[in-house]
file start.csv (CSV, C-alpha atoms and all ligand atoms)
chain,number,residue,atom,x,y,z
A,1,MET,CA,127.3,80.8,132.0
A,2,ASP,CA,127.0,77.2,130.8
A,3,VAL,CA,126.9,77.8,127.0
A,4,PRO,CA,128.0,81.0,125.4
A,5,VAL,CA,125.1,82.8,123.5
A,6,PRO,CA,126.2,83.7,120.0
A,7,PHE,CA,124.8,86.9,118.4
A,8,LEU,CA,123.7,85.2,115.3
A,9,ASP,CA,123.6,81.7,113.8
A,10,VAL,CA,123.1,81.9,110.1
A,11,ALA,CA,123.7,78.1,109.7
A,12,ALA,CA,120.7,77.3,112.0
A,13,ALA,CA,118.0,77.9,109.3
A,14,VAL,CA,120.0,75.8,106.8
A,15,ARG,CA,120.2,72.9,109.4
A,16,GLU,CA,116.4,73.2,109.9
A,17,LEU,CA,115.6,73.0,106.2
A,18,ARG,CA,118.6,71.0,104.9
A,19,PRO,CA,116.6,68.3,103.0
A,20,GLU,CA,114.4,70.9,101.2
A,21,ILE,CA,117.4,73.1,100.4
A,22,ASP,CA,119.3,70.1,99.1
A,23,ALA,CA,116.3,69.3,96.9
A,24,ALA,CA,116.1,72.9,95.6
A,25,LEU,CA,119.8,72.9,94.8
A,26,ASP,CA,119.5,69.6,93.1
A,27,ARG,CA,116.7,71.0,90.9
A,28,VAL,CA,118.9,73.9,89.8
A,29,LEU,CA,121.9,71.6,89.1
A,30,SER,CA,119.8,69.3,87.0
A,31,ALA,CA,118.2,72.1,85.1
A,32,GLY,CA,121.6,73.5,84.3
A,33,HIS,CA,120.3,77.0,83.9
A,34,PHE,CA,122.0,79.4,86.4
A,35,VAL,CA,121.2,83.0,85.7
A,36,LEU,CA,117.7,84.5,85.2
A,37,GLY,CA,115.7,81.4,84.8
A,38,SER,CA,112.5,79.8,86.2
A,39,GLU,CA,113.6,79.9,89.9
A,40,VAL,CA,114.1,83.6,89.8
A,41,GLU,CA,110.8,84.2,88.0
A,42,ALA,CA,109.0,82.0,90.6
A,43,PHE,CA,110.7,83.7,93.5
A,44,GLU,CA,109.9,87.1,92.1
A,45,GLN,CA,106.2,86.2,91.9
A,46,GLU,CA,106.1,84.6,95.3
A,47,PHE,CA,107.9,87.5,97.0
A,48,ALA,CA,105.7,90.0,95.3
A,49,GLY,CA,102.7,88.0,96.5
A,50,TYR,CA,104.1,87.9,100.1
A,51,VAL,CA,104.5,91.6,100.4
A,52,GLY,CA,101.4,92.5,98.4
A,53,ALA,CA,103.2,94.3,95.5
A,54,ASN,CA,102.4,94.0,91.8
A,55,HIS,CA,106.1,93.4,90.8
A,56,CYS,CA,109.3,92.1,92.2
A,57,VAL,CA,112.7,92.3,90.4
A,58,GLY,CA,115.6,90.2,91.8
A,59,VAL,CA,119.0,91.8,91.9
A,60,ASN,CA,122.5,91.0,93.3
A,61,SER,CA,122.4,92.7,96.7
A,62,GLY,CA,120.5,95.1,98.9
A,63,LEU,CA,122.9,97.9,97.9
A,64,ASP,CA,122.1,97.2,94.2
A,65,ALA,CA,118.3,97.1,95.0
A,66,LEU,CA,118.6,100.6,96.5
A,67,THR,CA,120.8,102.0,93.8
A,68,LEU,CA,118.9,100.6,90.9
A,69,GLY,CA,115.6,101.3,92.6
A,70,LEU,CA,116.6,105.0,92.8
A,71,ARG,CA,117.7,105.0,89.2
A,72,ALA,CA,114.5,103.4,88.1
A,73,LEU,CA,112.6,106.1,89.9
A,74,GLY,CA,114.5,108.7,87.9
A,75,VAL,CA,116.9,109.8,90.7
A,76,GLY,CA,120.3,110.9,89.4
A,77,PRO,CA,123.0,113.6,89.4
A,78,GLY,CA,121.8,117.0,90.8
A,79,ASP,CA,119.1,115.4,92.9
A,80,ASP,CA,118.9,115.3,96.7
A,81,ALA,CA,117.6,112.4,98.7
A,82,LEU,CA,116.3,112.7,102.3
A,83,VAL,CA,117.9,109.8,104.2
A,84,PRO,CA,118.0,108.9,107.9
A,85,SER,CA,121.1,110.1,109.7
A,86,ASN,CA,121.3,106.8,111.8
A,87,THR,CA,121.2,104.1,109.1
A,88,PHE,CA,123.6,101.5,107.8
A,89,VAL,CA,126.0,103.3,105.4
A,90,ALA,CA,124.6,101.3,102.4
A,91,THR,CA,121.5,103.6,102.3
A,92,TRP,CA,123.7,106.6,101.7
A,93,LEU,CA,126.1,104.8,99.4
A,94,ALA,CA,123.2,104.0,97.1
A,95,VAL,CA,122.3,107.6,96.8
A,96,SER,CA,125.9,108.5,96.0
A,97,ALA,CA,126.2,105.7,93.5
A,98,CYS,CA,123.4,107.1,91.4
A,99,GLY,CA,125.0,110.6,91.5
A,100,ALA,CA,122.6,112.1,93.9
A,101,ARG,CA,123.4,113.7,97.3
A,102,PRO,CA,122.2,112.4,100.7
A,103,VAL,CA,120.5,114.9,103.0
A,104,PRO,CA,120.2,113.6,106.5
A,105,VAL,CA,117.0,113.5,108.6
A,106,GLU,CA,117.4,112.8,112.3
A,107,PRO,CA,115.4,109.9,113.9
A,108,ASP,CA,112.7,109.6,116.5
A,109,PRO,CA,115.1,108.2,119.2
A,110,ARG,CA,112.3,106.0,120.7
A,111,THR,CA,111.7,104.0,117.5
A,112,PHE,CA,115.0,104.7,115.7
A,113,THR,CA,113.1,105.5,112.4
A,114,LEU,CA,113.2,108.9,110.7
A,115,ASP,CA,111.1,111.6,112.2
A,116,PRO,CA,108.6,112.7,109.6
A,117,GLU,CA,108.1,116.0,111.5
A,118,LEU,CA,111.6,117.0,110.5
A,119,LEU,CA,111.2,116.4,106.7
A,120,GLU,CA,110.0,119.9,106.1
A,121,GLN,CA,113.1,121.5,107.7
A,122,VAL,CA,115.6,119.5,105.6
A,123,LEU,CA,113.7,119.8,102.3
A,124,THR,CA,115.9,121.4,99.6
A,125,PRO,CA,114.9,122.7,96.1
A,126,ARG,CA,116.7,119.8,94.6
A,127,THR,CA,115.0,117.1,96.7
A,128,LYS,CA,113.6,114.3,94.5
A,129,VAL,CA,113.1,111.4,96.9
A,130,VAL,CA,112.5,110.4,100.5
A,131,LEU,CA,114.3,107.2,101.6
A,132,PRO,CA,113.0,105.9,104.9
A,133,VAL,CA,114.7,102.9,106.5
A,134,HIS,CA,112.8,100.3,108.5
A,135,LEU,CA,115.8,100.1,110.9
A,136,TYR,CA,116.1,97.1,113.1
A,137,GLY,CA,112.8,95.8,111.7
A,138,GLN,CA,110.7,98.7,113.0
A,139,PRO,CA,108.5,100.0,110.3
A,140,ALA,CA,108.9,103.7,109.6
A,141,ASP,CA,105.8,105.9,109.6
A,142,MET,CA,105.1,105.4,105.9
A,143,GLU,CA,101.7,107.2,106.0
A,144,SER,CA,103.3,110.5,107.1
A,145,VAL,CA,106.3,110.1,104.7
A,146,LEU,CA,104.0,109.3,101.8
A,147,ALA,CA,101.7,112.3,102.6
A,148,PHE,CA,104.7,114.6,102.8
A,149,ALA,CA,106.2,113.2,99.5
A,150,ARG,CA,102.8,113.6,97.7
A,151,SER,CA,102.4,117.1,98.8
A,152,HIS,CA,105.9,118.1,97.5
A,153,GLY,CA,106.0,116.1,94.3
A,154,LEU,CA,108.6,113.6,95.6
A,155,VAL,CA,109.0,109.9,95.1
A,156,VAL,CA,109.5,107.4,98.0
A,157,LEU,CA,111.8,104.5,98.0
A,158,ASP,CA,112.1,102.6,101.3
A,159,ASP,CA,115.0,100.5,102.5
A,160,ALA,CA,113.5,97.3,103.9
A,161,ALA,CA,116.7,95.3,104.2
A,162,GLN,CA,115.8,94.6,107.9
A,163,ALA,CA,112.0,94.4,107.6
A,164,HIS,CA,110.8,91.3,105.7
A,165,GLY,CA,107.2,90.8,106.8
A,166,ALA,CA,106.9,94.0,108.8
A,167,ARG,CA,103.6,95.9,108.6
A,168,ARG,CA,102.2,99.4,108.8
A,169,GLY,CA,98.5,99.0,109.7
A,170,ASP,CA,97.3,96.1,107.5
A,171,SER,CA,99.8,96.6,104.7
A,172,ARG,CA,103.1,94.9,104.5
A,173,ILE,CA,106.2,97.0,104.0
A,174,GLY,CA,106.9,96.7,100.3
A,175,ALA,CA,103.4,97.4,99.1
A,176,THR,CA,103.0,101.2,99.7
A,177,ALA,CA,106.1,103.1,98.5
A,178,ASP,CA,106.9,103.8,94.9
A,179,ALA,CA,109.6,101.2,95.2
A,180,THR,CA,111.0,99.1,98.1
A,181,ALA,CA,114.5,97.7,98.3
A,182,TRP,CA,115.3,94.4,99.9
A,183,SER,CA,118.5,92.6,100.9
A,184,PHE,CA,118.7,88.8,101.3
A,185,TYR,CA,122.2,88.9,102.8
A,186,PRO,CA,122.5,85.7,105.0
A,187,GLY,CA,122.0,87.5,108.3
A,188,LYS,CA,118.7,89.2,107.4
A,189,ASN,CA,115.3,87.8,108.5
A,190,LEU,CA,115.1,86.2,105.0
A,191,GLY,CA,118.6,85.4,103.9
A,192,ALA,CA,120.2,83.6,101.0
A,193,LEU,CA,123.4,81.6,100.9
A,194,GLY,CA,125.3,84.6,99.7
A,195,ASP,CA,124.5,88.1,98.4
A,196,ALA,CA,121.0,88.7,96.9
A,197,GLY,CA,118.4,91.4,96.8
A,198,ALA,CA,115.2,92.6,95.1
A,199,VAL,CA,113.0,95.6,94.5
A,200,THR,CA,109.2,95.5,94.8
A,201,THR,CA,107.0,98.1,93.2
A,202,ALA,CA,103.4,98.8,92.3
A,203,HIS,CA,104.5,100.4,89.0
A,204,ALA,CA,104.9,98.3,85.9
A,205,ASP,CA,107.1,101.0,84.2
A,206,VAL,CA,109.5,101.0,87.3
A,207,ALA,CA,109.7,97.2,87.2
A,208,GLN,CA,110.4,97.3,83.5
A,209,ARG,CA,113.3,99.8,83.9
A,210,LEU,CA,114.7,97.6,86.7
A,211,ARG,CA,114.7,94.6,84.4
A,212,LEU,CA,116.7,96.6,81.9
A,213,LEU,CA,119.1,98.1,84.5
A,214,ARG,CA,120.0,94.8,86.1
A,215,ASN,CA,120.8,93.2,82.8
A,216,TYR,CA,123.2,95.6,80.9
A,217,GLY,CA,120.3,97.8,80.0
A,218,SER,CA,119.1,95.1,77.7
A,219,ALA,CA,115.6,93.8,77.0
A,220,SER,CA,116.6,91.7,74.1
A,221,LYS,CA,120.0,90.2,73.5
A,222,TYR,CA,122.6,92.7,72.2
A,223,VAL,CA,120.2,95.6,72.2
A,224,HIS,CA,121.2,98.2,75.0
A,225,ASP,CA,118.8,101.1,75.5
A,226,VAL,CA,120.2,102.4,78.8
A,227,LYS,CA,123.5,102.2,80.5
A,228,GLY,CA,122.7,99.3,82.8
A,229,THR,CA,124.8,97.0,84.9
A,230,ASN,CA,125.1,93.4,85.8
A,231,SER,CA,123.1,92.8,88.9
A,232,ARG,CA,121.1,89.6,88.5
A,233,LEU,CA,119.7,87.4,91.2
A,234,ASP,CA,121.0,83.9,90.4
A,235,GLU,CA,119.0,80.7,90.3
A,236,VAL,CA,120.8,79.0,93.2
A,237,GLN,CA,119.9,81.9,95.6
A,238,ALA,CA,116.4,82.2,94.2
A,239,ALA,CA,115.8,78.5,94.8
A,240,VAL,CA,117.0,78.7,98.4
A,241,LEU,CA,114.9,81.8,99.0
A,242,ARG,CA,111.9,80.0,97.8
A,243,VAL,CA,112.4,77.3,100.4
A,244,LYS,CA,112.8,79.9,103.2
A,245,LEU,CA,110.1,82.4,102.3
A,246,PRO,CA,107.2,80.3,103.7
A,247,ARG,CA,109.1,80.1,107.0
A,248,VAL,CA,109.6,83.8,107.5
A,249,ASP,CA,106.4,84.6,109.3
A,250,GLY,CA,107.0,81.8,111.8
A,251,TRP,CA,110.5,82.9,112.4
A,252,ASN,CA,109.4,86.5,112.8
A,253,GLU,CA,106.8,85.3,115.4
A,254,ARG,CA,109.7,83.6,117.3
A,255,ARG,CA,111.7,86.9,117.2
A,256,ALA,CA,108.6,88.8,118.5
A,257,ALA,CA,108.3,86.3,121.4
A,258,VAL,CA,111.9,86.9,122.4
A,259,ALA,CA,111.3,90.6,122.2
A,260,THR,CA,108.3,90.3,124.5
A,261,THR,CA,110.4,88.2,127.0
A,262,TYR,CA,113.1,90.9,127.0
A,263,ASP,CA,110.6,93.8,127.3
A,264,GLU,CA,109.1,92.1,130.4
A,265,ALA,CA,112.4,90.9,131.9
A,266,PHE,CA,114.1,94.3,131.6
A,267,SER,CA,111.2,96.7,132.4
A,268,ASP,CA,112.6,97.5,135.8
A,269,LEU,CA,116.2,98.0,134.8
A,270,PRO,CA,117.9,101.4,134.1
A,271,LEU,CA,118.1,100.6,130.4
A,272,THR,CA,116.2,102.3,127.6
A,273,LEU,CA,114.2,99.6,125.7
A,274,PRO,CA,113.1,99.8,122.1
A,275,GLN,CA,109.6,101.3,121.7
A,276,VAL,CA,107.2,100.2,119.1
A,277,ASP,CA,105.1,102.8,117.2
A,278,PRO,CA,101.5,101.5,117.6
A,279,GLY,CA,100.9,102.1,113.8
A,280,GLY,CA,103.3,99.3,112.9
A,281,THR,CA,104.2,95.7,113.5
A,282,PRO,CA,108.0,95.2,113.7
A,283,VAL,CA,109.8,92.0,112.8
A,284,TRP,CA,112.7,92.4,115.3
A,285,HIS,CA,115.6,92.1,113.0
A,286,LEU,CA,117.5,93.5,116.0
A,287,TYR,CA,116.6,94.2,119.6
A,288,VAL,CA,118.4,97.4,120.4
A,289,VAL,CA,118.7,98.8,123.9
A,290,ARG,CA,120.3,102.1,124.9
A,291,HIS,CA,122.6,102.8,127.8
A,292,PRO,CA,124.8,105.9,128.5
A,293,HIS,CA,127.7,103.6,129.5
A,294,ARG,CA,127.2,101.2,126.6
A,295,ASP,CA,130.8,100.1,126.2
A,296,ASP,CA,130.9,99.1,129.9
A,297,LEU,CA,127.7,97.1,129.5
A,298,GLN,CA,128.9,95.4,126.4
A,299,ALA,CA,132.2,94.4,128.1
A,300,GLU,CA,130.3,93.0,131.1
A,301,LEU,CA,128.0,91.0,128.8
A,302,THR,CA,131.0,89.7,126.8
A,303,ARG,CA,132.6,88.5,130.1
A,304,GLN,CA,129.4,86.7,130.9
A,305,GLY,CA,129.4,84.9,127.5
A,306,VAL,CA,126.6,86.9,125.8
A,307,ALA,CA,127.7,88.2,122.4
A,308,THR,CA,126.3,91.7,121.4
A,309,LEU,CA,127.0,94.1,118.5
A,310,VAL,CA,126.6,97.8,117.9
A,311,HIS,CA,124.5,98.9,115.0
A,312,TYR,CA,126.1,101.2,114.1
A,313,PRO,CA,129.1,102.7,116.0
A,314,VAL,CA,129.8,105.5,113.4
A,315,PRO,CA,127.0,107.2,111.6
A,316,PRO,CA,127.4,107.8,107.8
A,317,HIS,CA,128.1,111.5,108.1
A,318,ARG,CA,131.1,110.8,110.3
A,319,GLN,CA,132.6,108.2,107.9
A,320,GLY,CA,135.6,109.2,105.8
A,321,ALA,CA,133.6,108.4,102.7
A,322,TYR,CA,131.3,111.4,103.5
A,323,ALA,CA,134.0,113.9,104.8
A,324,ASP,CA,133.4,115.8,101.5
A,325,LEU,CA,129.8,116.7,102.4
A,326,ASP,CA,131.0,118.5,105.5
A,327,LEU,CA,127.7,117.9,107.2
A,328,GLY,CA,128.7,119.1,110.7
A,329,ALA,CA,127.1,117.6,113.8
A,330,LEU,CA,124.0,115.5,113.8
A,331,GLU,CA,123.2,115.3,117.5
A,332,LEU,CA,120.8,112.4,117.6
A,333,ALA,CA,122.6,110.1,115.2
A,334,GLU,CA,125.8,110.7,117.2
A,335,ARG,CA,124.2,110.1,120.5
A,336,LEU,CA,122.5,106.9,119.4
A,337,ALA,CA,125.8,105.6,117.9
A,338,GLY,CA,127.3,106.0,121.4
A,339,GLU,CA,124.5,104.4,123.3
A,340,VAL,CA,122.9,101.6,121.2
A,341,LEU,CA,123.6,97.9,121.9
A,342,SER,CA,122.0,95.0,120.0
A,343,LEU,CA,121.2,91.9,122.1
A,344,PRO,CA,121.0,88.4,120.6
A,345,ILE,CA,117.6,87.8,119.0
A,346,GLY,CA,116.6,85.3,116.4
A,347,PRO,CA,114.3,82.3,115.7
A,348,HIS,CA,117.0,79.8,116.6
A,349,LEU,CA,117.8,81.0,120.2
A,350,SER,CA,117.0,78.1,122.6
A,351,GLU,CA,114.9,78.7,125.7
A,352,ASP,CA,118.1,78.2,127.7
A,353,GLN,CA,120.0,80.8,125.7
A,354,ILE,CA,117.1,83.3,126.1
A,355,ALA,CA,117.1,82.7,129.9
A,356,GLU,CA,120.9,83.1,130.0
A,357,THR,CA,120.7,86.3,128.1
A,358,VAL,CA,118.0,87.7,130.4
A,359,GLN,CA,120.1,86.8,133.5
A,360,ALA,CA,123.3,88.2,132.0
A,361,VAL,CA,121.7,91.5,131.0
A,362,ARG,CA,120.1,91.9,134.5
A,363,THR,CA,123.4,91.2,136.3
A,364,ALA,CA,125.5,93.3,133.9
A,365,THR,CA,123.2,96.4,134.0
A,366,LEU,CA,123.1,96.3,137.8
A,367,ARG,CA,126.9,95.9,138.0
A,368,VAL,CA,127.5,98.9,135.7
A,369,GLU,CA,125.1,100.9,137.8
A,370,GLN,CA,126.9,100.0,141.0
A,371,ARG,CA,130.2,101.1,139.6
A,372,ARG,CA,128.9,104.6,138.9
B,401,LIG,C1,122.0,94.9,104.9
B,401,LIG,C2,121.5,96.3,104.6
B,401,LIG,C3,121.7,96.9,103.4
B,401,LIG,C4,122.6,96.4,102.3
B,401,LIG,O1,122.3,95.1,101.9
B,401,LIG,P1,123.4,94.2,101.2
B,401,LIG,O2,122.6,93.0,100.6
B,401,LIG,O3,124.4,93.8,102.2
B,401,LIG,O4,124.0,95.0,100.1
B,401,LIG,C5,121.1,98.2,103.2
B,401,LIG,N1,120.5,98.8,104.1
B,401,LIG,C6,120.3,98.2,105.4
B,401,LIG,C7,119.5,99.0,106.4
B,401,LIG,C8,120.8,97.0,105.6
B,401,LIG,O5,120.7,96.5,106.9
call {"tool": "encode", "arguments": {"input": "start.csv", "output": "structure tokens"}}
result
Amino acid sequence: MDVPVPFLDVAAAVRELRPEIDAALDRVLSAGHFVLGSEVEAFEQEFAGYVGANHCVGVNSGLDALTLGLRALGVGPGDDALVPSNTFVATWLAVSACGARPVPVEPDPRTFTLDPELLEQVLTPRTKVVLPVHLYGQPADMESVLAFARSHGLVVLDDAAQAHGARRGDSRIGATADATAWSFYPGKNLGALGDAGAVTTAHADVAQRLRLLRNYGSASKYVHDVKGTNSRLDEVQAAVLRVKLPRVDGWNERRAAVATTYDEAFSDLPLTLPQVDPGGTPVWHLYVVRHPHRDDLQAELTRQGVATLVHYPVPPHRQGAYADLDLGALELAERLAGEVLSLPIGPHLSEDQIAETVQAVRTATLRVEQRR
């Protein structure tokens, strides 16, 4: 391998857009207004327009977007939330943070998103909300989830932290659920220079509650109608996100092109490739393959200079944080945790790096196979 292939390069987008980012930061510094100002308002409008939602409310992080989104939808102590068993732990932590209880739903192992067929089985009398996650940038089957929720009087909040720009049919993720939570953590498809998040929603009353909740429960200074928190998107992050937002579709196209290259290059290998549900257009936050000897494959790729990661090695129900729920075994989540491997994918991978990754994955997979 001539040049090692990094898993992620969060500085690449900054290098690409440095003059525009400098100009945006300069604007904020000159205005001298740093919290909840015109940059946040403008970004909220632009991002709402991008996803096709009526409202967007900027907050501090993806976790806060989920937590406050749930609270704004009325989810609280005594409620159950149906959540994927194979998500990043933040999805579950948000449910716990608002006093509700996560109830896991196993995924469709081909697409990694929650299997709507299983919702009926896990429904409890206390269920208030379904919380699908568009994991790895693959849109969950929102039509089925929404139909199930409507027929049982539930609300739907989706976790779109990995799905900026993804679509179900003609609609973007963010336009169809009761509320959608976004993260702009630097490594996401749309990333800030630090922590940032937002909630999009079609409902004016939900947006209004979010504006209170993120700002000490206050609509006007020193008047506090609900027990809110401090979770505001700041002007610096909003200004940078405004520079990057018009680039997201182009970056997502480059991710999709890498995914197509991998699909074709690996089709003959003994490796399970990610499958796309024909109802959706993914944005390839991650390209996740499965292999029964994942750790051997990962070690072989590391030796060849290709960085990979595991999303995620321990499912939430097996974390110490959730020992109290005593959920027992969740077969699919556990099997996926042992088999998934994320290959490098991103808009800034060079043609050489893509070619090197292809070659390394082919060699590594065949070597692991020969050793068995
Ligand atoms: C990143 C992420 C979050 C949390 O976002 P933060 O901004 O890091 O708080 C939640 N859910 C999923 C699926 C994520 O990937």
call {"tool": "closest_atom_pairs", "arguments": {"input": "start.csv", "of": "chain A", "to": "ligand LIG 401 (chain B)", "cutoff": "7 Å", "atoms": "only C-alpha atoms and all ligand atoms", "output": "tab-separated table"}}
result
residue	atom	partner	partner_atom	distance
A:Ser61	CA	B:LIG401	O2	3.9
A:Gly62	CA	B:LIG401	O2	3.4
A:Leu63	CA	B:LIG401	O4	3.8
A:Asp64	CA	B:LIG401	O4	6.6
A:Thr87	CA	B:LIG401	C7	6.0
A:Phe88	CA	B:LIG401	C7	5.0
A:Ala90	CA	B:LIG401	C5	4.7
A:Thr91	CA	B:LIG401	N1	5.2
A:Val133	CA	B:LIG401	C7	6.2
A:Leu135	CA	B:LIG401	C7	5.9
A:Asp159	CA	B:LIG401	N1	6.0
A:Ala160	CA	B:LIG401	C7	6.7
A:Ala161	CA	B:LIG401	C8	4.7
A:Gln162	CA	B:LIG401	O5	5.3
A:Ser183	CA	B:LIG401	O2	4.1
A:Phe184	CA	B:LIG401	O2	5.8
A:Tyr185	CA	B:LIG401	O2	4.7
A:Asp195	CA	B:LIG401	O2	5.7
A:Ala196	CA	B:LIG401	O2	5.9
A:Gly197	CA	B:LIG401	O2	5.9
call {"tool": "residues_around", "arguments": {"input": "start.csv", "residues": "A:Asp225", "least_positions_apart": "5", "cutoff": "10 Å", "atoms": "only C-alpha atoms", "output": "PyMOL selection string"}}
result
chain A and resi 212-213+216-220
call {"tool": "atom_distance", "arguments": {"input": "start.csv", "atom1": "atom CA of A:Tyr312", "atom2": "atom CA of A:Val103"}}
result
18.5 Å
call {"tool": "closest_residue", "arguments": {"input": "start.csv", "among": "A:Val40, A:Leu271, A:Leu68, A:Val89", "to": "A:Ser231", "atoms": "only C-alpha atoms"}}
result
A:Leu68
call {"tool": "residues_around", "arguments": {"input": "start.csv", "residues": "stretch 70-77 of chain A", "least_positions_apart": "5", "cutoff": "8 Å", "atoms": "all atoms listed in the file", "output": "PDB file with C-alpha atoms, in the coordinates of the input"}}
result
ATOM      1  CA  ALA A  94     123.200 104.000  97.100  1.00  0.00           C
ATOM      2  CA  VAL A  95     122.300 107.600  96.800  1.00  0.00           C
ATOM      3  CA  CYS A  98     123.400 107.100  91.400  1.00  0.00           C
ATOM      4  CA  GLY A  99     125.000 110.600  91.500  1.00  0.00           C
ATOM      5  CA  ALA A 100     122.600 112.100  93.900  1.00  0.00           C
ATOM      6  CA  ARG A 101     123.400 113.700  97.300  1.00  0.00           C
ATOM      7  CA  LYS A 128     113.600 114.300  94.500  1.00  0.00           C
ATOM      8  CA  VAL A 129     113.100 111.400  96.900  1.00  0.00           C
ATOM      9  CA  VAL A 155     109.000 109.900  95.100  1.00  0.00           C
ATOM     10  CA  LEU A 157     111.800 104.500  98.000  1.00  0.00           C
ATOM     11  CA  ASP A 178     106.900 103.800  94.900  1.00  0.00           C
ATOM     12  CA  ALA A 179     109.600 101.200  95.200  1.00  0.00           C
ATOM     13  CA  VAL A 206     109.500 101.000  87.300  1.00  0.00           C
ATOM     14  CA  ALA A 207     109.700  97.200  87.200  1.00  0.00           C
ATOM     15  CA  ARG A 209     113.300  99.800  83.900  1.00  0.00           C
ATOM     16  CA  LEU A 210     114.700  97.600  86.700  1.00  0.00           C
ATOM     17  CA  LEU A 213     119.100  98.100  84.500  1.00  0.00           C
TER      18      LEU A 213
END
call {"tool": "closest_residue", "arguments": {"input": "start.csv", "among": "A:Asp170, A:Asp26, A:Glu106, A:Asp115", "to": "A:Gly52", "atoms": "only C-alpha atoms"}}
result
A:Asp170
call {"tool": "atom_distance", "arguments": {"input": "start.csv", "atom1": "atom CA of A:Asp108", "atom2": "atom CA of A:Arg290"}}
result
13.6 Å
call {"tool": "atom_distance", "arguments": {"input": "start.csv", "atom1": "atom CA of A:Ile345", "atom2": "atom CA of A:Ala299"}}
result
18.4 Å
call {"tool": "closest_residue", "arguments": {"input": "start.csv", "among": "A:Gly320, A:Gly346, A:Gly305, A:Pro132", "to": "A:Gln359", "atoms": "only C-alpha atoms"}}
result
A:Gly305
call {"tool": "closest_residue", "arguments": {"input": "start.csv", "among": "A:Leu25, A:Gln319, A:Ala257, A:Val59", "to": "A:Asn230", "atoms": "all atoms listed in the file"}}
result
A:Val59
call {"tool": "closest_residue", "arguments": {"input": "start.csv", "among": "A:Leu66, A:Leu301, A:Ala307, A:Val283", "to": "A:Ser96", "atoms": "only C-alpha atoms"}}
result
A:Leu66
